[in-house]
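Participant: I am sharing model01.txt, which consists of compact mmCIF, C-alpha atoms:
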# COMPACT_ATOMS: atom_id res chain seq x y z
CA GLY P 86 150.27 174.46 90.19
CA ASN P 87 147.57 172.33 91.81
CA PRO P 88 148.66 171.54 95.40
CA PHE P 89 146.79 168.23 95.26
CA LEU P 90 148.32 167.18 91.94
CA PRO P 91 151.99 168.20 92.08
CA TYR P 92 154.40 167.31 89.31
CA HIS P 93 154.92 163.57 89.36
CA GLU P 94 155.46 160.53 87.18
CA LYS P 95 152.52 158.54 85.81
CA ASP P 96 152.80 155.16 84.09
CA VAL P 97 150.21 155.04 81.28
CA ARG P 98 149.80 152.00 79.06
CA SER P 99 147.36 151.05 76.27
CA GLN P 100 146.97 147.93 74.21
CA PHE P 101 144.44 146.37 71.86
CA GLU P 102 144.00 143.18 69.88
CA MET P 103 141.60 142.31 67.07
CA LEU P 104 140.92 138.99 65.38
CA GLN P 105 138.64 138.67 62.35
CA TRP P 106 137.49 135.64 60.40
CA GLN P 107 135.67 136.02 57.08
CA ARG P 108 134.21 133.52 54.66
CA SER P 109 133.17 134.57 51.15
CA PHE P 110 130.62 132.28 49.52
CA ALA P 111 130.11 134.59 46.53
CA PRO P 112 130.97 138.20 45.60
CA ASP P 113 127.77 139.39 47.34
CA HIS P 114 127.64 136.78 50.13
CA GLN P 115 129.98 136.98 53.13
CA LEU P 116 129.99 135.80 56.73
CA SER P 117 132.39 137.34 59.26
CA LEU P 118 133.20 137.07 62.96
CA ARG P 119 135.22 139.74 64.76
CA PHE P 120 136.68 139.86 68.27
CA PHE P 121 138.18 143.02 69.79
CA HIS P 122 139.87 143.64 73.14
CA SER P 123 141.41 146.81 74.56
CA ARG P 124 143.04 147.58 77.90
CA ASP P 125 144.11 150.95 79.30
CA THR P 126 145.94 151.36 82.59
CA PHE P 127 147.67 154.05 84.58
CA GLU P 128 149.54 154.04 87.86
CA GLN P 129 150.78 156.95 89.91
CA ASN P 130 152.15 157.49 93.39
CA LEU P 131 151.70 160.86 95.09
CA HIS P 132 152.73 159.60 98.53
CA GLY P 133 154.88 162.20 100.22
CA LEU P 134 154.36 164.78 97.46
CA ILE P 135 151.22 166.41 98.87
CA GLY P 136 151.76 168.53 101.97
CA THR P 137 149.32 169.87 104.52
CA THR P 138 146.58 172.34 103.62
CA THR P 139 145.18 175.11 105.82
CA PHE P 140 141.52 176.15 105.75
CA GLY P 141 140.92 178.81 108.38
CA ILE P 142 141.89 177.30 111.73
CA PHE P 143 142.02 173.75 110.35
CA THR P 144 145.12 171.96 109.14
CA LEU P 145 144.37 169.07 106.81
CA GLY P 146 146.63 166.27 105.69
CA ALA P 147 146.97 164.68 102.25
CA PRO P 148 143.58 163.34 101.14
CA VAL P 149 142.73 159.70 100.61
CA PRO P 150 143.29 158.18 98.03
CA LEU P 151 146.00 160.61 96.89
CA ASP P 152 148.16 159.71 99.90
CA ARG P 153 149.00 156.27 98.48
CA PRO P 154 149.76 154.54 95.16
CA ILE P 155 146.67 154.45 92.95
CA SER P 156 145.92 152.61 89.75
CA HIS P 157 143.22 152.53 87.10
CA VAL P 158 142.28 149.70 84.72
CA ALA P 159 139.69 149.89 81.92
CA GLU P 160 138.96 147.01 79.54
CA ARG P 161 136.58 146.27 76.68
CA TYR P 162 135.71 142.89 75.14
CA ASP P 163 133.63 142.99 71.96
CA LEU P 164 132.37 140.11 69.79
CA GLU P 165 130.34 140.62 66.59
CA LEU P 166 128.90 138.30 63.95
CA GLN P 167 127.83 139.75 60.58
CA HIS P 168 126.17 138.16 57.55
CA VAL P 169 125.86 139.92 54.17
CA PHE P 170 123.91 138.51 51.23
CA SER P 171 121.48 139.44 48.44
CA PRO P 172 118.01 137.91 48.82
CA SER P 173 117.13 139.11 45.30
CA ALA P 174 118.59 141.01 42.38
CA SER P 175 117.32 144.34 43.76
CA THR P 176 118.06 143.86 47.48
CA ARG P 177 121.04 143.47 49.78
CA LEU P 178 120.72 142.48 53.44
CA VAL P 179 123.17 142.90 56.31
CA TRP P 180 122.30 141.39 59.66
CA GLY P 181 124.21 140.34 62.73
CA ALA P 182 124.55 140.27 66.49
CA GLY P 183 127.09 141.45 69.03
CA SER P 184 128.02 141.28 72.68
CA ARG P 185 130.19 143.70 74.66
CA LEU P 186 131.65 143.85 78.14
CA ASP P 187 133.18 147.00 79.61
CA GLN P 188 134.87 146.80 82.98
CA ALA P 189 136.92 149.23 85.04
CA LYS P 190 138.40 149.49 88.50
CA SER P 191 139.89 152.56 90.11
CA ASP P 192 140.40 153.83 93.64
CA LEU P 193 140.26 157.36 92.25
CA TYR P 194 137.14 157.12 90.07
CA PHE P 195 135.13 154.36 91.78
CA ASN P 196 136.52 154.44 95.33
CA SER P 197 137.09 150.70 95.04
CA SER P 198 139.66 148.18 93.83
CA ASN P 199 136.87 145.91 92.52
CA PHE P 200 135.75 145.88 88.90
CA ARG P 201 132.60 147.75 87.89
CA ARG P 202 131.01 146.14 84.81
CA PHE P 203 128.70 147.09 81.94
CA ARG P 204 127.25 144.40 79.66
CA GLN P 205 125.47 144.97 76.37
CA ALA P 206 124.01 142.67 73.69
CA SER P 207 122.63 143.75 70.33
CA VAL P 208 121.08 142.51 67.10
CA PHE P 209 120.96 144.57 63.92
CA ALA P 210 119.78 144.42 60.34
CA ASN P 211 119.79 146.71 57.30
CA LEU P 212 117.97 146.12 54.02
CA GLU P 213 119.12 147.93 50.91
CA TRP P 214 116.47 147.96 48.17
CA ARG P 215 116.89 149.39 44.67
CA PRO P 216 113.41 149.35 43.07
CA HIS P 217 114.65 151.44 40.13
CA ALA P 218 118.01 152.57 38.82
CA ALA P 219 117.33 156.08 40.16
CA TRP P 220 116.03 155.02 43.60
CA LEU P 221 117.78 153.50 46.60
CA VAL P 222 116.02 152.74 49.90
CA ASN P 223 117.74 151.73 53.16
CA LEU P 224 115.74 150.41 56.09
CA GLY P 225 117.46 149.19 59.22
CA THR P 226 117.36 148.92 62.97
CA MET P 227 119.47 147.88 65.91
CA VAL P 228 118.03 146.56 69.17
CA GLU P 229 120.25 146.78 72.25
CA ASN P 230 119.89 145.46 75.76
CA ASN P 231 122.25 146.54 78.54
CA ASP P 232 122.66 146.45 82.31
CA PHE P 233 121.94 150.14 82.85
CA THR P 234 118.94 151.14 80.76
CA GLY P 235 117.29 147.94 79.48
CA THR P 236 116.19 147.47 75.86
CA HIS P 237 115.98 150.13 73.13
CA ALA P 238 115.59 150.10 69.35
CA SER P 239 117.38 152.43 66.93
CA PRO P 240 115.55 152.44 63.58
CA ARG P 241 116.73 154.26 60.46
CA LEU P 242 115.07 154.93 57.09
CA GLY P 243 116.91 156.51 54.18
CA ILE P 244 115.62 157.27 50.68
CA ASN P 245 117.92 158.41 47.86
CA PHE P 246 116.84 159.69 44.45
CA HIS P 247 119.48 159.90 41.74
CA VAL P 248 118.52 163.10 39.89
CA ALA P 249 121.39 163.10 37.40
CA ASP P 250 125.02 162.09 37.18
CA GLY P 251 126.65 163.30 40.40
CA HIS P 252 123.40 164.68 41.84
CA THR P 253 121.38 162.89 44.54
CA LEU P 254 118.44 164.00 46.64
CA ARG P 255 118.11 162.18 49.96
CA ALA P 256 115.86 162.07 53.02
CA ILE P 257 116.78 160.28 56.26
CA ALA P 258 114.90 159.70 59.51
CA SER P 259 116.53 157.92 62.46
CA ARG P 260 116.51 157.40 66.19
CA ALA P 261 119.60 156.68 68.30
CA TRP P 262 120.42 156.26 71.97
CA ARG P 263 123.43 157.23 74.06
CA ASN P 264 123.80 155.04 77.13
CA PRO P 265 125.56 156.35 80.25
CA VAL P 266 129.09 155.08 80.68
CA LEU P 267 130.40 153.37 83.81
CA TYR P 268 131.82 156.53 85.34
CA GLU P 269 128.57 158.45 84.89
CA GLN P 270 126.38 155.65 86.21
CA ARG P 271 128.50 154.23 89.04
CA GLY P 272 131.31 156.70 89.58
CA ASN P 273 132.28 157.43 93.19
CA SER P 274 135.03 160.05 93.28
CA ARG P 275 135.88 161.67 96.58
CA TRP P 276 138.79 162.93 98.63
CA VAL P 277 138.84 162.41 102.38
CA PHE P 278 141.04 164.88 104.26
CA PRO P 279 142.32 163.91 107.72
CA VAL P 280 142.13 166.76 110.24
CA LEU P 281 145.55 167.30 111.88
CA ALA P 282 144.79 170.41 113.95
CA PRO P 283 143.48 172.06 116.07
CA PHE P 284 143.50 169.53 118.89
CA PRO P 285 139.74 169.14 119.57
CA PHE P 286 139.19 168.08 115.93
CA ALA P 287 142.40 166.14 115.30
CA GLY P 288 141.67 162.59 114.17
CA LEU P 289 138.46 163.50 112.38
CA SER P 290 138.12 163.54 108.60
CA VAL P 291 136.48 165.84 106.07
CA PRO P 292 135.08 164.18 102.91
CA PHE P 293 134.84 166.03 99.62
CA GLN P 294 132.54 164.22 97.18
CA TYR P 295 132.65 165.51 93.61
CA ILE P 296 131.16 162.59 91.65
CA TYR P 297 128.55 160.12 92.86
CA GLY P 298 126.68 157.92 90.40
CA ARG P 299 123.28 156.90 91.71
CA ASP P 300 122.87 154.09 89.16
CA ASN P 301 119.61 155.60 87.90
CA LEU P 302 120.53 157.55 84.76
CA GLU P 303 118.34 157.19 81.68
CA PRO P 304 119.73 157.01 78.13
CA GLU P 305 119.81 160.11 75.95
CA ARG P 306 117.54 159.83 72.89
CA ILE P 307 118.47 161.46 69.61
CA ASP P 308 115.79 161.81 66.90
CA SER P 309 117.12 163.00 63.57
CA ARG P 310 115.42 164.19 60.37
CA GLU P 311 117.51 165.11 57.36
CA ILE P 312 116.85 166.32 53.83
CA GLY P 313 119.89 166.89 51.66
CA TYR P 314 121.11 167.40 48.15
CA VAL P 315 124.45 165.72 47.41
CA VAL P 316 126.66 166.89 44.55
CA GLU P 317 129.76 164.94 43.54
CA LEU P 318 132.16 167.29 41.82
CA GLY P 319 134.23 165.91 38.97
CA GLN P 320 137.97 165.57 39.27
CA GLY P 321 140.38 167.35 37.06
Starting from the file, give its structure as structure tokens.

Facilitator:
Amino acid sequence: GNPFLPYHEKDVRSQFEMLQWQRSFAPDHQLSLRFFHSRDTFEQNLHGLIGTTTFGIFTLGAPVPLDRPISHVAERYDLELQHVFSPSASTRLVWGAGSRLDQAKSDLYFNSSNFRRFRQASVFANLEWRPHAAWLVNLGTMVENNDFTGTHASPRLGINFHVADGHTLRAIASRAWRNPVLYEQRGNSRWVFPVLAPFPFAGLSVPFQYIYGRDNLEPERIDSREIGYVVELGQG
């Protein structure tokens, strides 16, 4: 097995809570508020389980932070407000806003016992318009602002034409963004090996850095164009 990760016990725990309030003013008019929280943790102790390692003439001890108990905590808080109503007989509008906080602390992944945080706020809207029984148009967008990459918009346009019963022709154009996560943007994962021998080098340390987030990553942009023909097969 891996000499730096011998068989050992790890305490892994996950929990989540969600609260939702909804008010219905009419069959096509609702207002809702949702709160979500999740927390994931793990703890492990490799102290005394990792022996010395030899590289050429050098003898290295157990690396920091694997020579001591380590823990990891990741949390998410998410709040969203959504309003659904019909401005007219042929339209339906969904709009809302949200706020999210991600935070994590880990000696192993961030080389720190302090929380690293990511904050994001967003507003969104989607208009559904049916100008004719055979046509359905969806136009929407979401605008996000976050700590890492600033402000970006994600528009989407979809047009559906009902050809016949169970047959629909559709065309969709959209833009989306993938923001870097905390570990990618601010990760700092490294092992520091103490040198035990030979004598002239004893007391020194050898760092091995395998992840280092420079806090300068840009979001990934995804532009999508789609033309499709949807067939709903009958049951029986």

Participant: Listing only residues of stretch 252-319 of chain P within 10 Å of stretch 173-196 of chain P, what is the closest atom pair and its distance in Å (to one decimal) for each, using all atoms listed in the file, sorted by chain and residue number ascending, as a Markdown table?

Facilitator:
| residue | atom | partner | partner_atom | distance |
| --- | --- | --- | --- | --- |
| P:Val266 | CA | P:Asp187 | CA | 9.1 |
| P:Leu267 | CA | P:Ala189 | CA | 7.8 |
| P:Tyr268 | CA | P:Tyr194 | CA | 7.1 |
| P:Arg271 | CA | P:Phe195 | CA | 7.2 |
| P:Gly272 | CA | P:Phe195 | CA | 5.0 |
| P:Asn273 | CA | P:Phe195 | CA | 4.4 |
| P:Ser274 | CA | P:Tyr194 | CA | 4.8 |
| P:Arg275 | CA | P:Asn196 | CA | 7.4 |
| P:Trp276 | CA | P:Leu193 | CA | 8.6 |
| P:Ile296 | CA | P:Tyr194 | CA | 8.3 |
| P:Tyr297 | CA | P:Phe195 | CA | 8.8 |
| P:Gly298 | CA | P:Phe195 | CA | 9.3 |

Participant: Have a look at P:Ile307, P:Val222, P:Leu145, P:Ile244 and name the one nearest to P:Leu289; count only C-alpha atoms.

Facilitator: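 The closest residue to P:Leu289 is P:Leu145.
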
Participant: Counting all atoms listed in the file, which residues have an atom no more than 10 Å from (124.5, 142.4, 71.4) in the file's coordinates? Please list them as a ChimeraX atom specification.

Facilitator: /P:163-166,181-186,204-209,227-231

Participant: Counting only C-alpha atoms, select every polymer residue within 7 Å of (116.2, 148.2, 54.6) as defined in the file's coordinates, and provide the selection as a list in words.

Facilitator: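 Within the cut-off we find Asn211, Leu212, Glu213, Trp214, Val222, Asn223, Leu224 and Gly225 of chain P.
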
Participant: Quick check, in Å to one decimal: how far apart do atom CA of P:Phe293 and atom CA of P:Asn130 lie?

Facilitator: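 It comes out at 20.3 Å.
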
Participant: Hey, what's within 8 Å of P:Pro304 if we count only C-alpha atoms and toss same-chain stuff fewer than 5 positions away? As an NGL selection string, please?

Facilitator: :P and (234 or 262-265)
